[in-house]
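Asks: This is final-v3.txt, which holds compact mmCIF, C-alpha atoms (C1' of nucleotides):
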```txt
# COMPACT_ATOMS: atom_id res chain seq x y z
CA MET A 1 69.43 112.69 124.38
CA LYS A 2 72.99 112.02 123.49
CA GLN A 3 74.04 109.23 121.23
CA PRO A 4 75.98 106.44 122.86
CA VAL A 5 79.70 106.68 122.25
CA LYS A 6 79.90 103.31 120.59
CA ASP A 7 77.19 104.18 118.08
CA LYS A 8 78.85 107.44 117.21
CA ILE A 9 82.10 105.64 116.50
CA VAL A 10 80.47 102.99 114.34
CA PHE A 11 78.42 105.50 112.38
CA THR A 12 81.49 107.60 111.66
CA ALA A 13 83.48 104.54 110.68
CA LEU A 14 80.77 103.33 108.30
CA VAL A 15 80.95 106.64 106.46
CA LEU A 16 84.71 107.05 106.42
CA PHE A 17 85.50 103.45 105.58
CA TYR A 18 83.13 103.64 102.66
CA GLU A 19 84.45 106.97 101.42
CA GLN A 20 88.15 106.40 101.87
CA GLY A 21 88.65 102.70 102.30
CA ILE A 22 89.73 100.92 105.44
CA HIS A 23 93.46 101.32 105.13
CA HIS A 24 93.25 104.97 104.20
CA THR A 25 91.18 105.71 107.26
CA GLY A 26 93.18 105.89 110.45
CA ILE A 27 91.95 105.32 113.95
CA ASN A 28 92.93 108.86 114.74
CA GLN A 29 90.67 110.27 112.07
CA ILE A 30 87.72 108.23 113.24
CA ILE A 31 88.32 109.35 116.80
CA GLU A 32 88.50 112.98 115.79
CA ALA A 33 85.50 112.86 113.46
CA SER A 34 83.30 111.09 115.98
CA ASP A 35 84.39 113.50 118.69
CA VAL A 36 85.42 110.86 121.15
CA ALA A 37 88.45 110.48 123.36
CA LYS A 38 91.12 108.11 122.24
CA ALA A 39 90.92 105.99 125.35
CA SER A 40 87.14 105.81 124.95
CA PHE A 41 87.56 104.39 121.52
CA TYR A 42 89.88 101.68 122.73
CA HIS A 43 87.50 100.97 125.56
CA HIS A 44 84.82 99.94 123.07
CA PHE A 45 87.06 98.48 120.40
CA PRO A 46 90.27 96.84 121.61
CA SER A 47 91.69 97.11 118.10
CA LYS A 48 90.87 98.47 114.69
CA ASP A 49 89.99 94.99 113.52
CA ASP A 50 87.15 94.82 115.99
CA LEU A 51 85.69 97.99 114.55
CA VAL A 52 86.11 96.66 111.04
CA ASP A 53 84.27 93.51 112.04
CA GLU A 54 81.38 95.49 113.42
CA CYS A 55 81.22 97.60 110.26
CA LEU A 56 81.12 94.52 108.07
CA ARG A 57 78.10 93.27 109.98
CA GLN A 58 76.40 96.64 109.60
CA TYR A 59 77.13 96.95 105.89
CA GLY A 60 75.80 93.46 105.34
CA ALA A 61 72.63 94.27 107.26
CA ILE A 62 72.10 97.55 105.43
CA ILE A 63 72.31 95.90 102.02
CA ALA A 64 70.10 93.07 103.21
CA ASP A 65 67.49 95.64 104.17
CA GLN A 66 67.76 97.25 100.76
CA ILE A 67 67.21 93.91 99.08
CA ARG A 68 64.23 93.24 101.32
CA SER A 69 62.57 96.53 100.45
CA LEU A 70 63.37 95.93 96.79
CA VAL A 71 61.64 92.58 96.96
CA ALA A 72 58.73 94.05 98.89
CA GLU A 73 57.99 96.57 96.19
CA SER A 74 58.33 94.12 93.29
CA GLY A 75 55.53 91.76 92.36
CA ASP A 76 57.37 89.79 89.73
CA LEU A 77 60.85 89.01 88.53
CA ASP A 78 60.87 91.51 85.71
CA THR A 79 59.86 94.33 88.02
CA LEU A 80 62.45 93.28 90.54
CA ILE A 81 65.17 93.47 87.94
CA ARG A 82 64.08 96.87 86.72
CA ASN A 83 63.70 98.34 90.19
CA TRP A 84 67.02 96.90 91.17
CA VAL A 85 68.92 98.61 88.36
CA ALA A 86 66.91 101.78 88.81
CA ARG A 87 68.00 101.97 92.42
CA ILE A 88 71.62 101.45 91.60
CA LYS A 89 71.51 104.12 88.95
CA ALA A 90 69.76 106.48 91.34
CA GLY A 91 72.56 105.95 93.82
CA ILE A 92 75.15 106.85 91.24
CA VAL A 93 73.55 110.11 90.21
CA ASP A 94 75.62 111.84 92.83
CA THR A 95 78.66 110.19 91.41
CA ALA A 96 81.07 111.55 93.97
CA SER A 97 79.53 109.68 96.86
CA TYR A 98 79.06 106.30 95.24
CA HIS A 99 81.89 103.86 95.70
CA GLY A 100 80.37 100.53 94.82
CA CYS A 101 79.48 97.73 97.19
CA PRO A 102 80.79 98.44 100.69
CA VAL A 103 81.16 94.76 101.45
CA ALA A 104 83.21 94.06 98.34
CA ASN A 105 85.31 97.13 99.03
CA MET A 106 86.03 95.88 102.50
CA ARG A 107 86.88 92.43 101.22
CA PHE A 108 89.42 93.85 98.78
CA SER A 109 90.94 95.97 101.50
CA LEU A 110 91.74 92.95 103.60
CA MET A 111 93.55 91.07 100.83
CA LEU A 112 94.00 87.88 102.88
CA ASP A 113 92.52 85.33 100.55
CA SER A 114 93.52 82.25 102.50
CA ASP A 115 92.21 83.38 105.89
CA GLN A 116 89.37 81.02 106.72
CA ASN A 117 88.00 83.33 109.38
CA ILE A 118 87.54 86.19 106.97
CA ARG A 119 86.04 83.89 104.39
CA GLU A 120 83.32 82.71 106.71
CA LYS A 121 82.35 86.20 107.77
CA PHE A 122 81.90 87.45 104.22
CA SER A 123 80.34 84.23 103.07
CA ALA A 124 77.65 84.60 105.72
CA VAL A 125 76.84 88.08 104.44
CA ILE A 126 76.48 86.93 100.85
CA ASP A 127 74.37 83.98 101.92
CA SER A 128 72.02 86.29 103.77
CA TRP A 129 71.50 88.30 100.59
CA ALA A 130 70.99 85.21 98.47
CA ASP A 131 68.48 83.87 101.00
CA ILE A 132 66.24 86.90 100.54
CA LEU A 133 66.26 86.69 96.75
CA ASP A 134 65.89 82.96 97.01
CA ALA A 135 62.74 83.18 99.11
CA PHE A 136 61.24 85.73 96.75
CA ILE A 137 61.84 83.70 93.62
CA GLU A 138 60.60 80.57 95.33
CA THR A 139 57.36 82.31 96.23
CA LEU A 140 56.87 83.43 92.65
CA LYS A 141 57.37 79.88 91.49
CA LYS A 142 54.82 78.49 93.93
CA ASP A 143 52.32 81.08 92.80
CA GLY A 144 52.91 79.98 89.25
CA ARG A 145 54.04 83.46 88.31
CA ILE A 146 57.32 82.33 86.84
CA ALA A 147 58.74 79.81 84.44
CA HIS A 148 59.42 76.69 86.46
CA THR A 149 62.62 75.97 84.60
CA ILE A 150 64.41 78.43 86.83
CA VAL A 151 66.76 77.01 89.43
CA THR A 152 66.02 79.32 92.30
CA ARG A 153 69.24 79.34 94.28
CA GLN A 154 71.28 79.52 91.12
CA LEU A 155 69.45 82.58 89.88
CA ALA A 156 69.86 84.30 93.23
CA ARG A 157 73.59 83.63 93.14
CA ARG A 158 73.88 84.82 89.59
CA MET A 159 72.07 88.07 90.27
CA ILE A 160 74.58 88.94 92.95
CA HIS A 161 77.34 87.70 90.67
CA ILE A 162 76.49 89.96 87.75
CA TYR A 163 75.86 92.86 90.10
CA GLN A 164 79.32 92.58 91.59
CA GLY A 165 80.71 92.29 88.10
CA ALA A 166 79.01 95.49 87.02
CA VAL A 167 80.42 97.33 90.01
CA VAL A 168 83.94 96.21 89.20
CA MET A 169 83.55 97.18 85.55
CA TRP A 170 82.23 100.56 86.57
CA LYS A 171 85.14 101.02 88.96
CA LEU A 172 87.56 100.04 86.23
CA THR A 173 86.12 102.18 83.46
CA GLY A 174 83.79 104.77 84.95
CA ASP A 175 81.18 103.54 82.49
CA THR A 176 77.74 103.41 84.10
CA THR A 177 76.17 101.55 81.19
CA TYR A 178 77.40 98.34 82.75
CA PHE A 179 74.56 98.78 85.22
CA ASP A 180 71.97 99.28 82.48
CA ASP A 181 73.32 96.17 80.88
CA LEU A 182 72.34 94.24 84.00
CA ILE A 183 68.73 94.30 82.87
CA ASP A 184 69.45 92.45 79.66
CA ILE A 185 71.89 90.06 81.24
CA ALA A 186 69.49 89.20 84.04
CA HIS A 187 66.75 88.52 81.51
CA GLU A 188 69.03 86.21 79.58
CA LEU A 189 69.74 84.31 82.78
CA VAL A 190 66.07 84.06 83.64
CA GLY A 191 65.37 82.69 80.20
CA PRO A 192 62.19 82.84 78.15
CA PRO A 193 58.86 82.46 79.96
CA LYS A 194 57.64 78.91 79.86
CA MET B 1 124.77 88.96 82.94
CA LYS B 2 123.09 90.94 85.66
CA GLN B 3 119.56 92.13 85.48
CA PRO B 4 119.02 95.87 85.22
CA VAL B 5 118.12 97.48 88.53
CA LYS B 6 114.86 98.85 87.24
CA ASP B 7 113.68 95.46 86.03
CA LYS B 8 114.52 93.83 89.30
CA ILE B 9 112.46 96.42 91.15
CA VAL B 10 109.47 96.06 88.87
CA PHE B 11 109.55 92.28 88.95
CA THR B 12 109.67 92.27 92.73
CA ALA B 13 106.89 94.81 92.94
CA LEU B 14 104.68 92.82 90.59
CA VAL B 15 104.96 89.82 92.88
CA LEU B 16 104.60 91.63 96.19
CA PHE B 17 101.80 93.93 95.10
CA TYR B 18 99.86 90.93 93.87
CA GLU B 19 100.48 88.87 96.98
CA GLN B 20 100.00 91.54 99.61
CA GLY B 21 98.22 94.42 97.96
CA ILE B 22 99.65 97.82 97.24
CA HIS B 23 99.07 99.47 100.57
CA HIS B 24 100.37 96.52 102.53
CA THR B 25 103.59 96.55 100.58
CA GLY B 26 106.04 99.23 101.62
CA ILE B 27 108.77 100.76 99.56
CA ASN B 28 111.23 99.42 102.09
CA GLN B 29 110.13 95.85 101.56
CA ILE B 30 110.39 96.16 97.81
CA ILE B 31 113.85 97.66 98.13
CA GLU B 32 115.00 94.93 100.44
CA ALA B 33 113.47 92.09 98.43
CA SER B 34 114.85 93.34 95.15
CA ASP B 35 118.27 93.82 96.73
CA VAL B 36 118.69 97.40 95.63
CA ALA B 37 119.89 100.50 97.41
CA LYS B 38 117.25 102.92 98.57
CA ALA B 39 118.65 105.79 96.61
CA SER B 40 118.77 103.61 93.52
CA PHE B 41 115.11 102.91 93.85
CA TYR B 42 114.27 106.58 94.01
CA HIS B 43 116.54 107.22 91.10
CA HIS B 44 114.32 105.06 88.88
CA PHE B 45 110.99 105.81 90.54
CA PRO B 46 110.60 109.30 92.02
CA SER B 47 107.67 108.06 94.07
CA LYS B 48 105.74 104.92 94.88
CA ASP B 49 102.98 106.04 92.56
CA ASP B 50 105.32 105.88 89.61
CA LEU B 51 106.12 102.28 90.42
CA VAL B 52 102.43 101.50 90.82
CA ASP B 53 101.79 103.03 87.41
CA GLU B 54 104.42 100.87 85.81
CA CYS B 55 103.03 97.77 87.48
CA LEU B 56 99.54 98.53 86.23
CA ARG B 57 100.86 98.67 82.69
CA GLN B 58 102.67 95.37 83.17
CA TYR B 59 99.68 93.60 84.72
CA GLY B 60 97.51 94.81 81.88
CA ALA B 61 99.99 93.56 79.31
CA ILE B 62 100.38 90.19 81.02
CA ILE B 63 96.64 89.55 81.04
CA ALA B 64 96.38 90.77 77.45
CA ASP B 65 98.97 88.17 76.48
CA GLN B 66 97.02 85.49 78.27
CA ILE B 67 93.86 86.44 76.40
CA ARG B 68 95.79 86.41 73.13
CA SER B 69 97.12 82.93 73.71
CA LEU B 70 93.67 81.82 74.81
CA VAL B 71 92.23 83.11 71.57
CA ALA B 72 95.05 81.57 69.55
CA GLU B 73 94.33 78.10 70.87
CA SER B 74 90.57 78.33 70.44
CA GLY B 75 88.88 77.80 67.08
CA ASP B 76 85.38 78.70 68.11
CA LEU B 77 83.45 80.48 70.82
CA ASP B 78 82.53 77.38 72.74
CA THR B 79 86.12 76.25 72.92
CA LEU B 80 87.23 79.70 73.97
CA ILE B 81 84.81 79.70 76.87
CA ARG B 82 85.85 76.25 78.01
CA ASN B 83 89.55 76.94 77.75
CA TRP B 84 89.07 80.24 79.52
CA VAL B 85 87.45 78.68 82.56
CA ALA B 86 89.86 75.76 82.50
CA ARG B 87 92.77 78.16 82.73
CA ILE B 88 91.27 80.07 85.61
CA LYS B 89 90.59 76.89 87.50
CA ALA B 90 94.10 75.68 86.82
CA GLY B 91 95.45 78.88 88.29
CA ILE B 92 93.46 78.36 91.46
CA VAL B 93 94.67 74.83 92.10
CA ASP B 94 97.45 76.27 94.18
CA THR B 95 94.91 78.30 96.06
CA ALA B 96 97.41 80.11 98.23
CA SER B 97 98.98 81.99 95.36
CA TYR B 98 95.84 83.02 93.52
CA HIS B 99 94.44 86.40 94.43
CA GLY B 100 92.12 87.20 91.58
CA CYS B 101 92.65 89.79 88.88
CA PRO B 102 95.72 91.91 89.60
CA VAL B 103 94.24 94.88 87.78
CA ALA B 104 91.00 94.82 89.73
CA ASN B 105 92.95 94.37 92.95
CA MET B 106 95.01 97.42 92.13
CA ARG B 107 91.92 99.41 91.28
CA PHE B 108 90.33 98.61 94.61
CA SER B 109 93.51 99.52 96.42
CA LEU B 110 93.46 103.03 95.02
CA MET B 111 89.89 103.77 96.08
CA LEU B 112 89.71 107.15 94.32
CA ASP B 113 86.60 106.74 92.25
CA SER B 114 86.37 110.29 91.02
CA ASP B 115 89.96 110.65 89.84
CA GLN B 116 89.77 111.03 86.08
CA ASN B 117 93.42 110.21 85.63
CA ILE B 118 93.10 106.84 87.28
CA ARG B 119 89.92 106.12 85.39
CA GLU B 120 91.59 106.60 82.03
CA LYS B 121 94.53 104.39 82.87
CA PHE B 122 92.37 101.46 83.92
CA SER B 123 89.89 102.04 81.17
CA ALA B 124 92.66 101.72 78.60
CA VAL B 125 93.66 98.37 80.06
CA ILE B 126 90.11 97.01 79.92
CA ASP B 127 89.69 98.29 76.39
CA SER B 128 92.83 96.49 75.31
CA TRP B 129 91.39 93.23 76.61
CA ALA B 130 88.03 93.81 74.99
CA ASP B 131 89.74 94.61 71.70
CA ILE B 132 91.34 91.20 71.56
CA LEU B 133 88.11 89.32 72.27
CA ASP B 134 86.33 91.66 69.93
CA ALA B 135 88.62 90.89 67.03
CA PHE B 136 88.33 87.17 67.65
CA ILE B 137 84.54 87.14 67.74
CA GLU B 138 84.41 89.37 64.69
CA THR B 139 86.58 86.94 62.78
CA LEU B 140 84.31 84.06 63.73
CA LYS B 141 81.34 86.01 62.49
CA LYS B 142 82.96 86.79 59.16
CA ASP B 143 83.83 83.14 58.71
CA GLY B 144 80.23 82.27 59.36
CA ARG B 145 81.22 80.17 62.34
CA ILE B 146 78.92 81.91 64.73
CA ALA B 147 75.32 83.03 65.07
CA HIS B 148 75.18 86.47 63.53
CA THR B 149 72.77 87.72 66.17
CA ILE B 150 75.71 88.34 68.45
CA VAL B 151 76.72 91.92 69.07
CA THR B 152 80.47 91.57 69.07
CA ARG B 153 81.60 94.38 71.30
CA GLN B 154 78.82 93.72 73.72
CA LEU B 155 79.76 90.09 74.11
CA ALA B 156 83.40 90.98 74.66
CA ARG B 157 82.39 93.43 77.38
CA ARG B 158 80.11 90.94 79.02
CA MET B 159 82.70 88.22 79.12
CA ILE B 160 85.02 90.47 81.06
CA HIS B 161 82.06 91.58 83.16
CA ILE B 162 81.05 88.10 84.28
CA TYR B 163 84.67 87.13 84.79
CA GLN B 164 85.23 90.02 87.18
CA GLY B 165 81.99 89.13 88.90
CA ALA B 166 83.13 85.57 89.44
CA VAL B 167 86.40 86.75 90.94
CA VAL B 168 84.58 88.97 93.41
CA MET B 169 82.18 86.21 94.36
CA TRP B 170 85.09 83.85 94.85
CA LYS B 171 86.87 86.42 97.00
CA LEU B 172 83.72 86.94 99.04
CA THR B 173 82.86 83.30 99.58
CA GLY B 174 85.86 81.14 98.73
CA ASP B 175 83.53 79.20 96.45
CA THR B 176 85.29 78.22 93.22
CA THR B 177 82.10 77.00 91.56
CA TYR B 178 81.43 80.57 90.52
CA PHE B 179 84.13 80.02 87.93
CA ASP B 180 82.55 76.82 86.66
CA ASP B 181 79.30 78.69 86.41
CA LEU B 182 80.96 81.06 83.95
CA ILE B 183 80.60 78.42 81.25
CA ASP B 184 76.82 78.29 81.53
CA ILE B 185 76.43 82.02 81.95
CA ALA B 186 78.60 82.75 78.93
CA HIS B 187 76.57 80.32 76.84
CA GLU B 188 73.37 82.04 77.87
CA LEU B 189 74.84 85.34 76.78
CA VAL B 190 75.96 83.95 73.44
CA GLY B 191 72.50 82.59 72.90
CA PRO B 192 71.38 79.60 70.84
CA PRO B 193 73.14 78.95 67.51
CA LYS B 194 71.22 80.45 64.67
C1' DG C 1 124.48 104.79 90.36
C1' DT C 2 125.21 103.11 95.04
C1' DC C 3 125.82 103.40 100.01
C1' DT C 4 124.43 104.66 104.98
C1' DA C 5 122.03 107.47 107.76
C1' DT C 6 118.27 110.06 108.70
C1' DA C 7 114.33 113.21 108.31
C1' DC C 8 109.39 113.61 108.82
C1' DA C 9 104.67 112.13 109.05
C1' DT C 10 101.36 108.95 110.33
C1' DA C 11 99.89 104.64 111.83
C1' DG C 12 98.01 101.73 115.80
C1' DA C 13 98.06 101.42 120.56
C1' DT C 14 99.02 102.44 125.75
C1' DA C 15 99.87 105.14 130.27
C1' DG C 16 98.38 107.41 134.01
C1' DA C 17 95.88 111.35 135.96
C1' DC C 18 91.12 112.83 136.55
C1' DG D 1 84.46 106.81 130.70
C1' DT D 2 87.39 110.75 129.52
C1' DC D 3 91.54 113.51 129.09
C1' DT D 4 96.45 114.55 127.44
C1' DA D 5 100.71 112.85 126.56
C1' DT D 6 103.44 109.42 124.77
C1' DC D 7 105.38 104.94 122.91
C1' DT D 8 106.80 102.30 119.05
C1' DA D 9 106.67 100.80 114.46
C1' DT D 10 106.30 101.81 109.85
C1' DG D 11 105.71 104.50 105.83
C1' DT D 12 107.57 107.61 102.19
C1' DA D 13 111.21 110.25 100.96
C1' DT D 14 115.87 112.89 101.17
C1' DA D 15 120.92 114.07 102.31
C1' DG D 16 125.45 113.68 101.53
C1' DA D 17 129.62 110.79 101.13
C1' DC D 18 131.68 107.50 97.87
```
Just give me the structure of the file as structure tokens.
Replies:
Amino acid sequence: MKQPVKDKIVFTALVLFYEQGIHHTGINQIIEASDVAKASFYHHFPSKDDLVDECLRQYGAIIADQIRSLVAESGDLDTLIRNWVARIKAGIVDTASYHGCPVANMRFSLMLDSDQNIREKFSAVIDSWADILDAFIETLKKDGRIAHTIVTRQLARRMIHIYQGAVVMWKLTGDTTYFDDLIDIAHELVGPPK
Amino acid sequence: MKQPVKDKIVFTALVLFYEQGIHHTGINQIIEASDVAKASFYHHFPSKDDLVDECLRQYGAIIADQIRSLVAESGDLDTLIRNWVARIKAGIVDTASYHGCPVANMRFSLMLDSDQNIREKFSAVIDSWADILDAFIETLKKDGRIAHTIVTRQLARRMIHIYQGAVVMWKLTGDTTYFDDLIDIAHELVGPPK
DNA sequence: GTCTATACATAGATAGAC
DNA sequence: GTCTATCTATGTATAGAC
């Protein structure tokens, strides 16, 4: 059973865009690597931007799934935080293949800060992540398994915030301890148990 | 008195690289905008990479100066944090010309996470920023104007960390409240006065 | 140091036969 | 849907006269 052409293209693009960045990955390379004819590519994606759009959606969904499984395996906030950092660190072990958050990378590639269209697309992705964390924390609160002083949505936002910060710091310095530091920072943000 | 050719090139590059990103700014555009002959450009900068290198140094120095002046006008940690965020917000008022941290932008443009050379260059810039904050916080501690539970270097690192995180979140969502949030987050990290 | 002209590669995208 | 060939623009960089 052969893989549909479109799927082959997208899969290849997801890998190459993440490894090399969007602007350093040409259409020609994607076409060659996915073993597809040039005209076939343009049949499915009228322009490179359309492919980039599709990849953004996929990256967003992939991370959302990771957050979901992270939540599923964590019974409380402390465990969530530890598992979270553990996963990140595990992903960096093979340091050559880790390049940070694919969504943030893509956002920086575009570099059009005033484009409202772009803003909405990325904003939707971030919201979808925050929603998952949000729901988890809210559940903990209802079950009385958490200090009620926590502002749910705010904590969800801040977790993503400090995560993105750690990625940038790692990219800037190569220092992986910024990820370890996430545990302490997250605990400070959660505050003392009530 | 006419400006040296090299300075004109660098100044133009600093502006264009920041506005458009490195890979969306061609040598030709820089040459045209700085009103210099092509051969003159290559006389001063054998390749684009050399110009990029010079710009990184300049960006780093510019931000370092901003941090220095921020420190100079702040007598305590609380004031520093407030002034810091106030300055960022002021810079975003004209939203069309703000594009986040020029050093982080440049780092994301390069996209070569395993290149040790690049890592060292950026790391040096971040260290120079941390050094300034470090010295300031250390002084406050010695003067007894701060809770001594603070780990100086760690706090300096974390301030840069959460700042970079806020920039990314802003870039991803267009939401400027992530910068306001820096005040609360920073205070949590500083902890209660002893 | 500056000028014009140009080389050379790669980018994104299209044409037209099959 | 696929194939090869090609268009056109742009990118980095160099040559050679002044």
Asks: Quick one: contact table of chain C to chain B, 10 Å max, nearest atom pair and distance in Å to one decimal per residue, counting only C-alpha atoms (C1' of nucleotides), chain and number order, as a tab-separated table?
Replies:
```
residue	atom	partner	partner_atom	distance
C:DG1	C1'	B:Ser40	CA	6.6
C:DT2	C1'	B:Ala37	CA	6.4
C:DC3	C1'	B:Ala37	CA	7.1
C:DT4	C1'	B:Ala37	CA	9.8
```
Asks: Near chain A, meaning an atom within 9 Å, which residues of chain D appear when counting all atoms listed in the file? Write them as a list of chain:residue names.
Replies: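 Matching residues, ligands excluded from the count: D:DG1, D:DT2, D:DC3.
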Asks: Suppose you want the space between atom CA of Asp115 of chain A and atom CA of His161 of chain B; what is it in Å?
Replies: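 Going from atom CA of Asp115 of chain A over to atom CA of His161 of chain B, I get 26.2 Å.
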Asks: Near Ile185 of chain A, counting all atoms listed in the file, which residues have an atom at most 9 Å away, once you skip same-chain residues fewer than 6 positions from it, shown as an MDAnalysis selection string?
Replies: (chainID A and resid 162) or (chainID B and resid 158 188:189)
Asks: Pull the closest atom pair for each residue of chain B that gets at most 7 Å from chain A, along with the distance in Å to one decimal, counting only C-alpha atoms, ordering rows by chain and then ascending residue number, as CSV.
Replies:
```
residue,atom,partner,partner_atom,distance
B:Gln20,CA,A:Met111,CA,6.6
B:Gly21,CA,A:Met111,CA,6.4
B:Ala96,CA,A:Ser114,CA,6.2
B:His99,CA,A:Asp113,CA,6.5
B:Asn105,CA,A:Phe108,CA,6.8
B:Arg107,CA,A:Leu172,CA,6.7
B:Phe108,CA,A:Phe108,CA,6.4
B:Ser109,CA,A:Ser109,CA,6.7
B:Met111,CA,A:Gly21,CA,6.4
B:Asp113,CA,A:His99,CA,6.5
B:Ser114,CA,A:Ala96,CA,6.2
B:Arg119,CA,A:Thr173,CA,5.8
B:Phe122,CA,A:Leu172,CA,5.5
B:Ser123,CA,A:Thr173,CA,4.4
B:His161,CA,A:Gly165,CA,5.2
B:Ile162,CA,A:Gly165,CA,5.7
B:Gln164,CA,A:Gly165,CA,5.1
B:Gly165,CA,A:Gly165,CA,3.5
B:Ala166,CA,A:His161,CA,6.3
B:Val168,CA,A:Gln164,CA,6.6
B:Met169,CA,A:His161,CA,6.3
B:Lys171,CA,A:Asp113,CA,6.8
B:Leu172,CA,A:Phe122,CA,5.5
B:Thr173,CA,A:Ser123,CA,4.4
B:Gly174,CA,A:Arg119,CA,6.3
B:Glu188,CA,A:Glu188,CA,6.3
B:Leu189,CA,A:Glu188,CA,6.5
```
Asks: Complete the atom set of segment 10-23 of chain B to N, CA, C and O atoms and return it as a PDB file, in the frame of the given file.
Replies:
```
ATOM      1  N   VAL B  10     110.815  96.274  89.401  1.00  0.00           N
ATOM      2  CA  VAL B  10     109.470  96.060  88.870  1.00  0.00           C
ATOM      3  C   VAL B  10     109.017  94.616  89.075  1.00  0.00           C
ATOM      4  O   VAL B  10     107.888  94.361  89.496  1.00  0.00           O
ATOM      5  N   PHE B  11     109.915  93.694  88.796  1.00  0.00           N
ATOM      6  CA  PHE B  11     109.550  92.280  88.950  1.00  0.00           C
ATOM      7  C   PHE B  11     109.158  91.985  90.394  1.00  0.00           C
ATOM      8  O   PHE B  11     108.146  91.337  90.673  1.00  0.00           O
ATOM      9  N   THR B  12     109.980  92.474  91.315  1.00  0.00           N
ATOM     10  CA  THR B  12     109.670  92.270  92.730  1.00  0.00           C
ATOM     11  C   THR B  12     108.345  92.897  93.109  1.00  0.00           C
ATOM     12  O   THR B  12     107.530  92.300  93.817  1.00  0.00           O
ATOM     13  N   ALA B  13     108.127  94.091  92.615  1.00  0.00           N
ATOM     14  CA  ALA B  13     106.890  94.810  92.940  1.00  0.00           C
ATOM     15  C   ALA B  13     105.670  94.074  92.396  1.00  0.00           C
ATOM     16  O   ALA B  13     104.643  93.979  93.068  1.00  0.00           O
ATOM     17  N   LEU B  14     105.800  93.543  91.174  1.00  0.00           N
ATOM     18  CA  LEU B  14     104.680  92.820  90.590  1.00  0.00           C
ATOM     19  C   LEU B  14     104.254  91.656  91.486  1.00  0.00           C
ATOM     20  O   LEU B  14     103.069  91.403  91.697  1.00  0.00           O
ATOM     21  N   VAL B  15     105.251  90.967  92.012  1.00  0.00           N
ATOM     22  CA  VAL B  15     104.960  89.820  92.880  1.00  0.00           C
ATOM     23  C   VAL B  15     104.364  90.272  94.205  1.00  0.00           C
ATOM     24  O   VAL B  15     103.312  89.795  94.631  1.00  0.00           O
ATOM     25  N   LEU B  16     105.043  91.215  94.851  1.00  0.00           N
ATOM     26  CA  LEU B  16     104.600  91.630  96.190  1.00  0.00           C
ATOM     27  C   LEU B  16     103.259  92.366  96.168  1.00  0.00           C
ATOM     28  O   LEU B  16     102.407  92.144  97.030  1.00  0.00           O
ATOM     29  N   PHE B  17     103.082  93.230  95.196  1.00  0.00           N
ATOM     30  CA  PHE B  17     101.800  93.930  95.100  1.00  0.00           C
ATOM     31  C   PHE B  17     100.670  92.926  94.920  1.00  0.00           C
ATOM     32  O   PHE B  17      99.588  93.089  95.483  1.00  0.00           O
ATOM     33  N   TYR B  18     100.917  91.913  94.119  1.00  0.00           N
ATOM     34  CA  TYR B  18      99.860  90.930  93.870  1.00  0.00           C
ATOM     35  C   TYR B  18      99.585  90.084  95.111  1.00  0.00           C
ATOM     36  O   TYR B  18      98.446  89.770  95.427  1.00  0.00           O
ATOM     37  N   GLU B  19     100.647  89.739  95.807  1.00  0.00           N
ATOM     38  CA  GLU B  19     100.480  88.870  96.980  1.00  0.00           C
ATOM     39  C   GLU B  19      99.882  89.611  98.180  1.00  0.00           C
ATOM     40  O   GLU B  19      99.065  89.069  98.910  1.00  0.00           O
ATOM     41  N   GLN B  20     100.327  90.842  98.367  1.00  0.00           N
ATOM     42  CA  GLN B  20     100.000  91.540  99.610  1.00  0.00           C
ATOM     43  C   GLN B  20      99.094  92.744  99.428  1.00  0.00           C
ATOM     44  O   GLN B  20      98.567  93.279 100.406  1.00  0.00           O
ATOM     45  N   GLY B  21      98.941  93.177  98.202  1.00  0.00           N
ATOM     46  CA  GLY B  21      98.220  94.420  97.960  1.00  0.00           C
ATOM     47  C   GLY B  21      99.176  95.596  97.994  1.00  0.00           C
ATOM     48  O   GLY B  21     100.255  95.518  98.584  1.00  0.00           O
ATOM     49  N   ILE B  22      98.777  96.658  97.372  1.00  0.00           N
ATOM     50  CA  ILE B  22      99.650  97.820  97.240  1.00  0.00           C
ATOM     51  C   ILE B  22      99.933  98.509  98.564  1.00  0.00           C
ATOM     52  O   ILE B  22     101.064  98.833  98.885  1.00  0.00           O
ATOM     53  N   HIS B  23      98.891  98.688  99.327  1.00  0.00           N
ATOM     54  CA  HIS B  23      99.070  99.470 100.570  1.00  0.00           C
ATOM     55  C   HIS B  23      99.690  98.650 101.685  1.00  0.00           C
ATOM     56  O   HIS B  23     100.131  99.217 102.677  1.00  0.00           O
TER      57      HIS B  23
END
```
